[in-house]
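Just work32.cif here, mmCIF, C-alpha atoms:
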```cif
data_work
#
loop_
_atom_site.label_atom_id
_atom_site.label_comp_id
_atom_site.auth_asym_id
_atom_site.auth_seq_id
_atom_site.Cartn_x
_atom_site.Cartn_y
_atom_site.Cartn_z
CA MET D 1 -3.81 43.46 113.32
CA LYS D 2 -3.01 40.19 111.69
CA LEU D 3 -6.31 40.26 109.74
CA TYR D 4 -5.46 43.79 108.46
CA LYS D 5 -2.05 42.67 107.22
CA LEU D 6 -3.58 39.64 105.47
CA PHE D 7 -6.21 41.84 103.78
CA SER D 8 -3.54 44.27 102.62
CA ILE D 9 -1.43 41.48 101.11
CA GLN D 10 -4.45 40.03 99.30
CA LEU D 11 -5.44 43.44 97.90
CA VAL D 12 -2.02 44.06 96.47
CA PHE D 13 -1.97 40.59 94.91
CA LEU D 14 -5.38 41.14 93.28
CA LEU D 15 -4.31 44.47 91.88
CA LEU D 16 -1.16 43.01 90.36
CA VAL D 17 -3.06 40.10 88.81
CA SER D 18 -5.85 42.29 87.40
CA CYS D 19 -3.48 44.75 85.63
CA SER D 20 -2.69 43.55 82.13
CA LYS D 21 0.39 44.53 80.13
CA ASP D 22 -1.71 47.00 78.15
CA ASP D 23 -2.87 48.77 81.29
CA ILE D 24 0.62 49.88 82.31
CA PRO D 25 0.97 53.59 81.43
CA THR D 26 3.76 54.33 78.97
CA GLN D 27 5.82 57.48 78.62
CA THR D 28 5.84 59.07 75.15
CA LYS D 29 8.82 61.08 73.96
CA PRO D 30 7.97 64.65 72.94
CA VAL D 31 8.05 65.14 69.18
CA LYS D 32 11.08 67.16 68.21
CA GLU D 33 10.05 70.25 66.25
CA VAL D 34 11.90 70.69 62.98
CA PRO D 35 12.44 74.39 62.30
CA VAL D 36 10.72 75.48 59.14
CA GLU D 37 12.84 77.82 57.07
CA GLU D 38 10.94 80.92 56.07
CA THR D 39 10.39 81.22 52.34
CA ILE D 40 11.37 84.58 50.91
CA THR D 41 10.07 85.60 47.53
CA TRP D 42 13.20 86.50 45.59
CA PRO D 43 14.21 88.09 43.32
CA LEU D 44 11.68 90.91 43.23
CA ALA D 45 10.76 93.18 40.34
CA THR D 46 12.66 96.41 39.60
CA PRO D 47 10.08 99.13 39.03
CA LYS D 48 11.32 102.68 38.60
CA LEU D 49 12.18 104.30 41.91
CA LYS D 50 12.09 108.01 42.68
CA VAL D 51 13.42 110.31 45.35
CA VAL D 52 10.73 111.64 47.68
CA GLY D 53 12.16 113.87 50.39
CA LYS D 54 15.02 111.92 51.94
CA TYR D 55 13.84 108.51 50.73
CA LEU D 56 13.86 106.27 47.70
CA LYS D 57 10.30 105.13 47.06
CA ASP D 58 8.63 102.64 44.75
CA PRO D 59 5.46 103.40 42.71
CA CYS D 60 3.25 102.49 45.70
CA GLY D 61 5.10 104.83 48.06
CA ASN D 62 7.06 102.13 49.92
CA ILE D 63 10.44 103.26 51.27
CA ILE D 64 13.13 101.26 49.47
CA ASN D 65 16.71 100.63 50.61
CA LEU D 66 18.88 98.52 48.35
CA HIS D 67 21.63 96.07 49.33
CA GLY D 68 24.26 94.85 46.94
CA VAL D 69 27.81 94.53 45.70
CA ALA D 70 30.18 96.48 43.45
CA MET D 71 31.34 94.73 40.29
CA THR D 72 34.08 95.69 37.86
CA PRO D 73 34.17 93.68 34.62
CA SER D 74 37.93 93.57 34.06
CA PRO D 75 40.45 90.70 34.42
CA TRP D 76 42.13 92.17 37.51
CA PHE D 77 38.84 92.57 39.37
CA ASN D 78 37.49 89.27 38.07
CA GLY D 79 39.93 87.04 39.89
CA GLY D 80 43.30 88.50 38.97
CA ALA D 81 43.63 90.31 42.28
CA VAL D 82 43.39 86.97 44.12
CA GLY D 83 45.57 85.08 41.63
CA GLU D 84 42.74 83.39 39.74
CA TRP D 85 42.47 84.98 36.30
CA ARG D 86 39.07 83.92 35.01
CA TRP D 87 39.38 85.58 31.59
CA ASN D 88 41.74 87.91 29.78
CA ASN D 89 42.60 89.55 26.44
CA TYR D 90 39.37 91.53 26.00
CA ASP D 91 37.34 88.32 25.88
CA VAL D 92 33.82 89.76 25.97
CA VAL D 93 32.07 86.37 26.02
CA SER D 94 34.03 85.10 29.04
CA CYS D 95 33.70 88.46 30.79
CA LEU D 96 29.92 88.40 30.48
CA GLN D 97 29.74 84.73 31.43
CA TYR D 98 31.60 85.26 34.70
CA ASN D 99 29.86 88.48 35.74
CA LYS D 100 26.39 87.19 34.92
CA ALA D 101 27.13 84.06 36.96
CA ILE D 102 28.12 86.23 39.94
CA MET D 103 24.85 88.15 39.64
CA ASN D 104 22.96 84.85 39.50
CA LYS D 105 24.68 83.50 42.59
CA LEU D 106 24.27 86.61 44.71
CA SER D 107 20.56 86.88 43.94
CA ASP D 108 19.82 83.18 44.42
CA ALA D 109 17.58 82.53 47.42
CA LYS D 110 18.42 78.81 47.30
CA GLN D 111 22.04 79.71 48.04
CA GLY D 112 20.99 82.16 50.75
CA TRP D 113 21.93 85.36 48.90
CA TYR D 114 19.44 88.20 48.55
CA LEU D 115 21.23 91.08 46.83
CA ASN D 116 19.14 93.48 44.77
CA TYR D 117 21.60 95.90 43.24
CA VAL D 118 25.03 96.18 41.64
CA ARG D 119 27.32 99.17 41.56
CA LEU D 120 28.73 98.63 38.09
CA HIS D 121 32.07 100.14 37.03
CA ILE D 122 32.94 100.90 33.40
CA ASP D 123 36.58 100.00 33.90
CA PRO D 124 39.41 101.80 32.00
CA TYR D 125 40.49 98.35 30.82
CA TRP D 126 37.78 98.77 28.19
CA THR D 127 37.98 102.53 27.60
CA ASN D 128 41.72 103.26 27.32
CA ASN D 129 43.77 102.89 24.15
CA LEU D 130 44.82 99.31 23.44
CA GLY D 131 48.29 98.26 24.49
CA VAL D 132 48.59 100.81 27.30
CA SER D 133 49.80 99.57 30.66
CA GLY D 134 51.28 100.94 33.85
CA ILE D 135 49.07 104.02 34.21
CA GLN D 136 46.91 104.81 37.22
CA GLU D 137 43.12 104.64 37.24
CA ASN D 138 42.99 108.42 37.66
CA ASP D 139 44.96 109.04 34.46
CA ILE D 140 42.62 109.93 31.59
CA SER D 141 45.39 110.65 29.07
CA GLN D 142 44.74 107.36 27.25
CA PHE D 143 40.94 107.56 27.25
CA ASN D 144 39.50 106.54 23.88
CA VAL D 145 35.92 107.68 23.35
CA ASN D 146 35.24 105.12 20.61
CA ARG D 147 36.41 102.25 22.79
CA PHE D 148 34.27 103.66 25.59
CA LYS D 149 31.16 103.62 23.40
CA ASP D 150 31.98 100.12 22.19
CA ALA D 151 32.38 98.89 25.77
CA VAL D 152 29.05 100.38 26.81
CA ASP D 153 27.27 98.51 24.04
CA LYS D 154 29.11 95.19 24.22
CA VAL D 155 29.86 94.81 27.96
CA ILE D 156 27.88 97.22 30.12
CA ILE D 157 24.44 97.08 28.53
CA PRO D 158 24.33 93.25 28.42
CA LEU D 159 25.23 93.14 32.13
CA ILE D 160 22.62 95.78 32.94
CA ALA D 161 19.98 93.83 31.01
CA HIS D 162 20.90 90.62 32.83
CA ALA D 163 20.74 92.38 36.21
CA LYS D 164 17.10 93.23 35.58
CA THR D 165 16.26 89.55 35.09
CA ARG D 166 17.79 88.94 38.54
CA GLY D 167 15.83 91.70 40.28
CA MET D 168 18.93 93.88 40.60
CA TYR D 169 19.07 97.64 40.22
CA ILE D 170 22.24 99.22 38.80
CA ILE D 171 24.25 102.20 40.00
CA LEU D 172 26.50 102.93 37.04
CA ARG D 173 29.91 104.45 37.70
CA PRO D 174 32.21 106.16 35.12
CA PRO D 175 35.58 104.66 34.15
CA GLY D 176 38.38 105.16 36.66
CA VAL D 177 38.72 107.45 39.67
CA CYS D 178 39.11 111.17 40.19
CA PRO D 179 42.62 112.61 40.20
CA GLU D 180 43.65 113.97 43.60
CA HIS D 181 43.03 117.54 42.45
CA ILE D 182 39.99 118.55 40.44
CA ALA D 183 38.73 121.97 39.37
CA VAL D 184 35.68 123.45 37.68
CA GLY D 185 36.36 123.46 33.95
CA ASP D 186 39.50 121.29 34.07
CA ALA D 187 40.25 118.29 31.86
CA TYR D 188 38.65 115.82 34.25
CA HIS D 189 35.50 117.92 34.52
CA ASN D 190 35.22 117.89 30.72
CA TYR D 191 35.94 114.16 30.64
CA LEU D 192 32.98 113.48 32.95
CA LYS D 193 30.76 115.62 30.76
CA VAL D 194 31.69 113.48 27.73
CA ILE D 195 30.90 110.31 29.68
CA TRP D 196 27.55 111.42 31.02
CA ASP D 197 26.42 113.17 27.87
CA TYR D 198 26.76 109.90 25.99
CA ILE D 199 25.25 107.71 28.70
CA SER D 200 22.29 110.00 29.39
CA LYS D 201 21.38 110.00 25.68
CA HIS D 202 21.79 106.26 25.19
CA PRO D 203 18.37 104.70 24.48
CA SER D 204 19.15 101.63 26.60
CA LEU D 205 20.20 103.69 29.63
CA LYS D 206 18.24 106.93 29.49
CA ASN D 207 15.27 106.62 31.88
CA SER D 208 15.80 102.88 32.22
CA ASP D 209 13.65 101.71 35.14
CA HIS D 210 16.46 100.04 37.09
CA VAL D 211 19.50 102.19 36.17
CA MET D 212 20.95 105.01 38.27
CA PHE D 213 24.11 107.09 37.78
CA GLU D 214 26.95 107.79 40.24
CA LEU D 215 28.63 110.84 38.76
CA ALA D 216 32.25 110.25 39.86
CA ASN D 217 34.39 108.07 42.08
CA GLU D 218 36.25 109.50 45.08
CA PRO D 219 36.96 113.17 44.59
CA VAL D 220 39.66 114.19 47.05
CA ARG D 221 40.38 117.94 46.84
CA ILE D 222 38.95 120.74 44.71
CA LYS D 223 40.37 124.05 43.58
CA LEU D 224 39.18 127.32 45.10
CA ALA D 225 39.06 130.66 43.28
CA ASP D 226 42.39 131.64 44.87
CA GLY D 227 44.13 128.68 43.21
CA THR D 228 44.55 126.54 46.34
CA TYR D 229 43.21 123.00 46.67
CA GLY D 230 41.45 121.59 49.69
CA ALA D 231 38.27 120.05 51.04
CA ASN D 232 35.56 120.13 53.68
CA THR D 233 34.98 123.86 54.12
CA GLN D 234 31.84 125.51 52.80
CA ALA D 235 33.89 127.22 50.08
CA HIS D 236 35.04 123.81 48.88
CA PHE D 237 31.50 122.43 48.86
CA ASP D 238 30.36 125.46 46.91
CA GLN D 239 32.97 124.57 44.28
CA LEU D 240 31.84 120.94 44.29
CA LYS D 241 28.35 122.17 43.49
CA LEU D 242 29.74 124.24 40.60
CA PHE D 243 31.56 121.07 39.44
CA PHE D 244 28.62 118.63 39.59
CA GLN D 245 25.59 120.86 38.99
CA PRO D 246 26.41 121.43 35.29
CA ILE D 247 26.68 117.64 34.79
CA VAL D 248 23.30 117.18 36.49
CA ASP D 249 21.77 119.93 34.35
CA MET D 250 23.21 118.42 31.15
CA ILE D 251 21.76 114.99 32.00
CA ARG D 252 18.36 116.53 32.61
CA THR D 253 18.56 118.61 29.43
CA ASN D 254 19.17 115.35 27.58
CA GLY D 255 15.82 114.16 28.92
CA ALA D 256 17.20 111.59 31.37
CA ASN D 257 15.54 111.56 34.77
CA ASN D 258 17.53 108.65 36.21
CA ILE D 259 18.37 108.93 39.92
CA LEU D 260 21.75 110.64 40.29
CA TRP D 261 24.16 109.93 43.15
CA ILE D 262 26.54 112.81 43.94
CA PRO D 263 29.96 112.14 45.54
CA GLY D 264 31.56 114.22 48.27
CA SER D 265 35.22 115.10 48.82
CA GLY D 266 37.85 113.32 50.93
CA TRP D 267 37.49 110.06 48.97
CA GLN D 268 33.71 110.36 49.29
CA SER D 269 33.67 110.85 53.04
CA GLN D 270 32.72 114.55 53.42
CA TYR D 271 29.22 115.94 52.79
CA LYS D 272 28.17 118.52 55.40
CA GLY D 273 28.45 121.51 53.03
CA TYR D 274 25.95 119.97 50.62
CA ALA D 275 23.32 120.36 53.32
CA VAL D 276 23.92 124.12 53.16
CA ASN D 277 24.22 124.31 49.36
CA PRO D 278 22.68 121.13 47.91
CA ILE D 279 22.70 119.92 44.33
CA GLU D 280 19.47 121.17 42.73
CA GLY D 281 16.89 119.14 40.86
CA GLU D 282 14.79 116.01 41.23
CA ASN D 283 15.94 112.46 41.91
CA ILE D 284 19.15 113.48 43.67
CA GLY D 285 20.94 111.41 46.32
CA TYR D 286 24.49 111.29 47.67
CA ALA D 287 27.02 108.48 47.15
CA VAL D 288 29.18 107.84 50.22
CA HIS D 289 32.20 105.66 51.00
CA ILE D 290 32.96 104.52 54.56
CA TYR D 291 35.88 102.48 55.90
CA PRO D 292 37.10 101.73 59.43
CA GLY D 293 39.94 104.27 59.24
CA TYR D 294 38.05 107.13 57.55
CA TRP D 295 38.25 110.64 58.96
CA GLY D 296 41.60 109.72 60.52
CA LYS D 297 40.02 107.86 63.42
CA ASP D 298 39.30 104.30 64.48
CA ASN D 299 35.65 103.78 63.65
CA ASN D 300 35.58 100.56 65.66
CA ASN D 301 35.00 102.99 68.53
CA PRO D 302 31.22 103.49 68.57
CA THR D 303 31.41 106.98 70.06
CA LEU D 304 33.91 108.19 67.46
CA PHE D 305 32.04 106.51 64.62
CA ARG D 306 28.74 108.12 65.57
CA ALA D 307 30.41 111.53 65.92
CA ASN D 308 31.99 111.15 62.47
CA TRP D 309 28.69 110.04 60.97
CA ASN D 310 26.86 112.94 62.57
CA GLU D 311 29.40 115.48 61.32
CA HIS D 312 30.05 114.23 57.80
CA ILE D 313 27.14 112.07 56.63
CA LYS D 314 24.02 112.87 58.66
CA PRO D 315 23.63 116.44 57.31
CA VAL D 316 22.82 115.11 53.83
CA ALA D 317 21.13 111.92 55.09
CA ASP D 318 18.65 114.28 56.74
CA ILE D 319 17.68 115.79 53.38
CA ALA D 320 18.29 113.10 50.73
CA PRO D 321 18.76 109.35 50.28
CA ILE D 322 22.26 107.92 50.73
CA ALA D 323 23.97 105.11 48.85
CA VAL D 324 27.14 103.80 50.49
CA THR D 325 28.79 102.50 47.32
CA GLU D 326 31.98 101.23 48.98
CA ILE D 327 32.49 99.55 52.33
CA ASP D 328 34.15 96.46 53.75
CA TRP D 329 35.89 95.37 56.93
CA GLY D 330 37.77 92.51 58.52
CA PRO D 331 40.63 91.66 60.88
CA ASP D 332 44.13 92.42 59.60
CA LYS D 333 44.74 88.87 58.37
CA TYR D 334 42.13 89.16 55.62
CA ALA D 335 42.45 90.75 52.18
CA VAL D 336 39.99 93.57 52.77
CA TRP D 337 40.42 97.28 52.11
CA GLY D 338 39.05 98.10 55.57
CA LYS D 339 41.72 96.21 57.48
CA GLY D 340 41.42 96.20 61.23
CA GLY D 341 37.71 96.82 61.25
CA VAL D 342 35.72 94.12 63.00
CA THR D 343 32.00 93.44 63.15
CA GLY D 344 31.77 93.72 66.93
CA THR D 345 28.46 94.60 68.55
CA ALA D 346 26.07 97.49 68.05
CA GLY D 347 26.80 100.10 70.71
CA GLY D 348 30.00 98.29 71.69
CA TRP D 349 33.39 97.97 70.05
CA GLY D 350 33.27 97.19 66.36
CA PHE D 351 32.81 98.82 62.96
CA GLY D 352 30.35 96.63 61.07
CA ALA D 353 27.60 96.31 63.67
CA ASN D 354 27.72 100.04 64.40
CA PHE D 355 27.57 100.85 60.69
CA LYS D 356 24.38 98.80 60.45
CA LEU D 357 23.02 100.51 63.55
CA LEU D 358 23.60 103.96 62.07
CA THR D 359 22.09 103.09 58.70
CA ASP D 360 19.05 101.47 60.28
CA GLU D 361 18.52 104.52 62.46
CA SER D 362 18.79 106.77 59.42
CA GLY D 363 16.24 104.68 57.51
CA ASN D 364 17.27 105.91 54.05
CA VAL D 365 20.63 104.25 53.34
CA SER D 366 21.28 101.78 50.54
CA TRP D 367 24.68 100.11 50.60
CA ASN D 368 26.96 97.63 48.90
CA VAL D 369 30.22 95.93 49.77
CA LEU D 370 33.33 96.66 47.71
CA SER D 371 33.53 93.46 45.64
CA PRO D 372 32.26 89.88 45.23
CA GLU D 373 35.37 88.74 47.16
CA ASN D 374 33.83 90.43 50.22
CA LEU D 375 30.99 87.91 50.08
CA ILE D 376 32.10 84.69 48.39
CA ASP D 377 35.47 83.02 48.76
CA LYS D 378 37.88 84.50 46.19
CA GLY D 379 34.90 85.65 44.15
CA SER D 380 34.50 82.10 42.87
CA ILE D 381 31.21 81.02 41.33
CA ASN D 382 31.28 77.95 43.57
CA GLY D 383 32.78 79.71 46.59
CA GLY D 384 31.36 79.55 50.08
CA ILE D 385 31.05 82.51 52.43
CA ALA D 386 34.28 84.50 52.31
CA TYR D 387 36.92 84.76 55.06
CA ASP D 388 36.07 81.28 56.36
CA ASN D 389 32.68 82.59 57.46
CA ASP D 390 34.43 84.51 60.27
CA PRO D 391 31.75 86.60 62.03
CA GLN D 392 34.26 89.43 62.57
CA ALA D 393 34.82 89.90 58.81
CA CYS D 394 32.16 91.43 56.59
CA ALA D 395 30.93 88.39 54.62
CA ASN D 396 29.33 86.51 57.52
CA PRO D 397 27.25 89.37 58.98
CA VAL D 398 26.37 90.79 55.55
CA HIS D 399 25.00 87.38 54.53
CA LYS D 400 22.76 87.42 57.60
CA TRP D 401 21.79 91.08 57.38
CA PHE D 402 20.87 91.01 53.71
CA THR D 403 18.64 88.01 54.43
CA GLU D 404 16.95 89.95 57.25
CA TYR D 405 16.42 92.95 54.98
CA ALA D 406 15.00 90.71 52.24
CA LYS D 407 12.39 89.29 54.63
CA LYS D 408 11.04 92.81 55.15
CA MET D 409 11.40 93.98 51.56
CA VAL D 410 8.18 95.06 49.89
CA ILE D 411 8.20 96.54 46.41
CA CYS D 412 5.30 96.98 44.04
CA ILE D 413 4.52 97.82 40.45
CA LYS D 414 1.66 100.11 39.44
#
```

Output the structure of this file as structure tokens.
Amino acid sequence: MKLYKLFSIQLVFLLLVSCSKDDIPTQTKPVKEVPVEETITWPLATPKLKVVGKYLKDPCGNIINLHGVAMTPSPWFNGGAVGEWRWNNYDVVSCLQYNKAIMNKLSDAKQGWYLNYVRLHIDPYWTNNLGVSGIQENDISQFNVNRFKDAVDKVIIPLIAHAKTRGMYIILRPPGVCPEHIAVGDAYHNYLKVIWDYISKHPSLKNSDHVMFELANEPVRIKLADGTYGANTQAHFDQLKLFFQPIVDMIRTNGANNILWIPGSGWQSQYKGYAVNPIEGENIGYAVHIYPGYWGKDNNNPTLFRANWNEHIKPVADIAPIAVTEIDWGPDKYAVWGKGGVTGTAGGWGFGANFKLLTDESGNVSWNVLSPENLIDKGSINGGIAYDNDPQACANPVHKWFTEYAKKMVICIK
């Protein structure tokens, strides 16, 4: 027993002596992986799109859905509304400088923005008689056709040309908004014909690869044959067709085959009757507006929102492409039009996430937020993500979603 203990002690001593410093195993720390940010090719080209069935498609047959922002080149909508007047007094140079810079920022992959279209408004600021103030956007009494033509050439066409260099399509909207009551053959109907006759003949706009036309903004009610005004019955949709079909036919007679986006009634929230009696012709889609309180219900509720979508929007989304040309949302404390709407979660409470769910399910919906202020703080060229990057307001999720869409975007030129 004693010999065994002595042998054991000697063995341990020999082992300790024979092990050098280099023989002692060392632990190595695992190398921390640095996430590699995926490179997205952006901006992309803007080849001419066409309507095929219920989809927009590029020349190779890829389904294309666009994601963008609405822009209005006027002092009020270029900072005035948030107390930061960036230009004034019909200053064309400063107007173009600001709006081009916004396009640059919102299509700049280095800044994390991947927008590829602009809904561009020819604001009455440029088309009304000089010196007129205090009239509503739906008042066409001061419309000046010569100022309108001048604005198209000096303001609108330069912005449209710049958008193409930034990989951005254009949905062009006429000056102002519809009066609450419209009728076939009334003054506003004739006004729209003047607008679109000129635009659809203009050599810089007619059949331009990246330019589309939205025929009016937010019709509300239309006149029936019995003299009453209303909306959302088949008789009212039949009158809407009689209102917009002649404008479509005139544009086509002028040789312009640009994609046309047709508005519905109820501030562009009602469309089901178009599925029964659609606008005829090629390259036709429908321009929709959606806000959290539309249809008189709280669209934060996913069940109500889906029911409203299925009743009012899905009938035309099943037969033609859709462009949601106005939307925003955010908690009450933020300066959004869609106050009280929150992002929430898809299938749970919340407006924004359920809107994305519905559009993704549909597969043929392009959409843009209401203004640059919905994306960048106060619409400033150097602004960060709006609303303090609050995930419950539209800027934060839209920034993420448009990046996700851009990663999957494929568009080709033949």

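Comparing the minimum interatomic distances between D:Ser94 and each of D:Asn396, D:Leu115, D:Phe143, D:Val155, counting only C-alpha atoms, we find that D:Val155 sits nearest.
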
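A straight line drawn from atom CA of D:Asn254 to atom CA of D:Ser74 is 29.5 Å long.
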
Next on the checklist: the PyMOL selection byres ((chain D and resi 374) around 12) - which residues does that actually catch in the file I just gave you? List them as number ranges by chain.
Outcome noted: D: 68-71, 82, 106, 326-330, 334-338, 368-373, 375-380, 383-390, 393-399

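The nearest approach to D:Gly363 among the residues D:Val410, D:Leu224, D:Ile322, D:Ala275, with only C-alpha atoms taken into account, belongs to D:Ile322.
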
Next on the checklist: Please enumerate the residues selected by the PyMOL selection byres ((chain D and resi 136) around 12) when evaluated against the supplied file, formatted as an MDAnalysis selection string.
Outcome noted: chainID D and resid 123:125 128 132:135 137:143 175:180

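Counting from atom CA of D:His67, the distance to atom CA of D:Arg119 is 10.1 Å.
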
Item to check | Length of the atom CA of D:Gln268 to atom CA of D:Ala163 vector [Å] | outcome: 25.7 Å

Report the closest atom pair, with its distance in Å rounded to one decimal, for each residue of stretch 142-228 of chain D that has an atom no farther than 12 Å from stretch 233-247 of chain D; count all atoms listed in the file, sort by chain and then rising residue number, and write it as a Markdown table.
```
| residue | atom | partner | partner_atom | distance |
| --- | --- | --- | --- | --- |
| D:His181 | CA | D:Leu240 | CA | 11.8 |
| D:Ile182 | CA | D:Phe243 | CA | 8.9 |
| D:Ala183 | CA | D:Phe243 | CA | 7.2 |
| D:Val184 | CA | D:Phe243 | CA | 5.1 |
| D:Gly185 | CA | D:Phe243 | CA | 7.7 |
| D:Asp186 | CA | D:Phe243 | CA | 9.6 |
| D:Ala187 | CA | D:Phe243 | CA | 11.9 |
| D:Tyr188 | CA | D:Phe243 | CA | 10.2 |
| D:His189 | CA | D:Phe243 | CA | 7.0 |
| D:Asn190 | CA | D:Ile247 | CA | 9.5 |
| D:Tyr191 | CA | D:Ile247 | CA | 10.7 |
| D:Leu192 | CA | D:Ile247 | CA | 7.8 |
| D:Lys193 | CA | D:Ile247 | CA | 6.1 |
| D:Val194 | CA | D:Ile247 | CA | 9.6 |
| D:Ile195 | CA | D:Ile247 | CA | 9.9 |
| D:Trp196 | CA | D:Ile247 | CA | 7.3 |
| D:Asp197 | CA | D:Ile247 | CA | 8.2 |
| D:Tyr198 | CA | D:Ile247 | CA | 11.7 |
| D:Ile199 | CA | D:Ile247 | CA | 11.7 |
| D:Ser200 | CA | D:Ile247 | CA | 10.3 |
| D:Phe213 | CA | D:Ile247 | CA | 11.3 |
| D:Glu214 | CA | D:Phe244 | CA | 11.0 |
| D:Leu215 | CA | D:Phe244 | CA | 7.8 |
| D:Ala216 | CA | D:Phe244 | CA | 9.1 |
| D:Pro219 | CA | D:Leu240 | CA | 9.3 |
| D:Val220 | CA | D:Leu240 | CA | 10.7 |
| D:Arg221 | CA | D:His236 | CA | 8.2 |
| D:Ile222 | CA | D:His236 | CA | 6.5 |
| D:Lys223 | CA | D:Gln239 | CA | 7.5 |
| D:Leu224 | CA | D:His236 | CA | 6.6 |
| D:Ala225 | CA | D:Gln239 | CA | 8.7 |
| D:Asp226 | CA | D:Ala235 | CA | 10.9 |
| D:Gly227 | CA | D:His236 | CA | 11.8 |
| D:Thr228 | CA | D:His236 | CA | 10.2 |
```

Next on the checklist: I'd like the contact shell of stretch 168-170 of chain D - 12 Å cut-off, all atoms listed in the file, skipping same-chain residues fewer than 2 positions apart - returned as a ChimeraX atom specification.
Outcome noted: /D:42-49,64-71,100,102-104,106-108,114-121,156-157,159-166,172-173,205,208-214,258-261,323,325,366,368

Dump of C-alpha atoms for the selected residues, as an mmCIF file, in the coordinates of the input:
```cif
data_model
loop_
_atom_site.group_PDB
_atom_site.id
_atom_site.type_symbol
_atom_site.label_atom_id
_atom_site.label_comp_id
_atom_site.auth_asym_id
_atom_site.auth_seq_id
_atom_site.Cartn_x
_atom_site.Cartn_y
_atom_site.Cartn_z
ATOM 1 C CA TRP D 42 13.200 86.500 45.590
ATOM 2 C CA PRO D 43 14.210 88.090 43.320
ATOM 3 C CA LEU D 44 11.680 90.910 43.230
ATOM 4 C CA ALA D 45 10.760 93.180 40.340
ATOM 5 C CA THR D 46 12.660 96.410 39.600
ATOM 6 C CA PRO D 47 10.080 99.130 39.030
ATOM 7 C CA LYS D 48 11.320 102.680 38.600
ATOM 8 C CA LEU D 49 12.180 104.300 41.910
ATOM 9 C CA ILE D 64 13.130 101.260 49.470
ATOM 10 C CA ASN D 65 16.710 100.630 50.610
ATOM 11 C CA LEU D 66 18.880 98.520 48.350
ATOM 12 C CA HIS D 67 21.630 96.070 49.330
ATOM 13 C CA GLY D 68 24.260 94.850 46.940
ATOM 14 C CA VAL D 69 27.810 94.530 45.700
ATOM 15 C CA ALA D 70 30.180 96.480 43.450
ATOM 16 C CA MET D 71 31.340 94.730 40.290
ATOM 17 C CA LYS D 100 26.390 87.190 34.920
ATOM 18 C CA ILE D 102 28.120 86.230 39.940
ATOM 19 C CA MET D 103 24.850 88.150 39.640
ATOM 20 C CA ASN D 104 22.960 84.850 39.500
ATOM 21 C CA LEU D 106 24.270 86.610 44.710
ATOM 22 C CA SER D 107 20.560 86.880 43.940
ATOM 23 C CA ASP D 108 19.820 83.180 44.420
ATOM 24 C CA TYR D 114 19.440 88.200 48.550
ATOM 25 C CA LEU D 115 21.230 91.080 46.830
ATOM 26 C CA ASN D 116 19.140 93.480 44.770
ATOM 27 C CA TYR D 117 21.600 95.900 43.240
ATOM 28 C CA VAL D 118 25.030 96.180 41.640
ATOM 29 C CA ARG D 119 27.320 99.170 41.560
ATOM 30 C CA LEU D 120 28.730 98.630 38.090
ATOM 31 C CA HIS D 121 32.070 100.140 37.030
ATOM 32 C CA ILE D 156 27.880 97.220 30.120
ATOM 33 C CA ILE D 157 24.440 97.080 28.530
ATOM 34 C CA LEU D 159 25.230 93.140 32.130
ATOM 35 C CA ILE D 160 22.620 95.780 32.940
ATOM 36 C CA ALA D 161 19.980 93.830 31.010
ATOM 37 C CA HIS D 162 20.900 90.620 32.830
ATOM 38 C CA ALA D 163 20.740 92.380 36.210
ATOM 39 C CA LYS D 164 17.100 93.230 35.580
ATOM 40 C CA THR D 165 16.260 89.550 35.090
ATOM 41 C CA ARG D 166 17.790 88.940 38.540
ATOM 42 C CA LEU D 172 26.500 102.930 37.040
ATOM 43 C CA ARG D 173 29.910 104.450 37.700
ATOM 44 C CA LEU D 205 20.200 103.690 29.630
ATOM 45 C CA SER D 208 15.800 102.880 32.220
ATOM 46 C CA ASP D 209 13.650 101.710 35.140
ATOM 47 C CA HIS D 210 16.460 100.040 37.090
ATOM 48 C CA VAL D 211 19.500 102.190 36.170
ATOM 49 C CA MET D 212 20.950 105.010 38.270
ATOM 50 C CA PHE D 213 24.110 107.090 37.780
ATOM 51 C CA GLU D 214 26.950 107.790 40.240
ATOM 52 C CA ASN D 258 17.530 108.650 36.210
ATOM 53 C CA ILE D 259 18.370 108.930 39.920
ATOM 54 C CA LEU D 260 21.750 110.640 40.290
ATOM 55 C CA TRP D 261 24.160 109.930 43.150
ATOM 56 C CA ALA D 323 23.970 105.110 48.850
ATOM 57 C CA THR D 325 28.790 102.500 47.320
ATOM 58 C CA SER D 366 21.280 101.780 50.540
ATOM 59 C CA ASN D 368 26.960 97.630 48.900
#
```

Checklist entry - Got a sec: who's within 8 Å of D:Trp295, counting all atoms listed in the file, leaving out chain neighbours fewer than 2 positions off, as a ChimeraX atom specification? => result /D:269,293,297,308

For the selection you just gave me, I'd like the residues written to a file as an mmCIF file, in the frame of the given file, keeping C-alpha atoms.
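Output (out_18.cif):
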```cif
data_model
loop_
_atom_site.group_PDB
_atom_site.id
_atom_site.type_symbol
_atom_site.label_atom_id
_atom_site.label_comp_id
_atom_site.auth_asym_id
_atom_site.auth_seq_id
_atom_site.Cartn_x
_atom_site.Cartn_y
_atom_site.Cartn_z
ATOM 1 C CA SER D 269 33.670 110.850 53.040
ATOM 2 C CA GLY D 293 39.940 104.270 59.240
ATOM 3 C CA LYS D 297 40.020 107.860 63.420
ATOM 4 C CA ASN D 308 31.990 111.150 62.470
#
```

Item to check | D:Tyr274 surroundings by only C-alpha atoms, 7 Å radius, close-in-sequence under 3 positions cut, as an MDAnalysis selection string | outcome: chainID D and resid 237 271 277:278 316
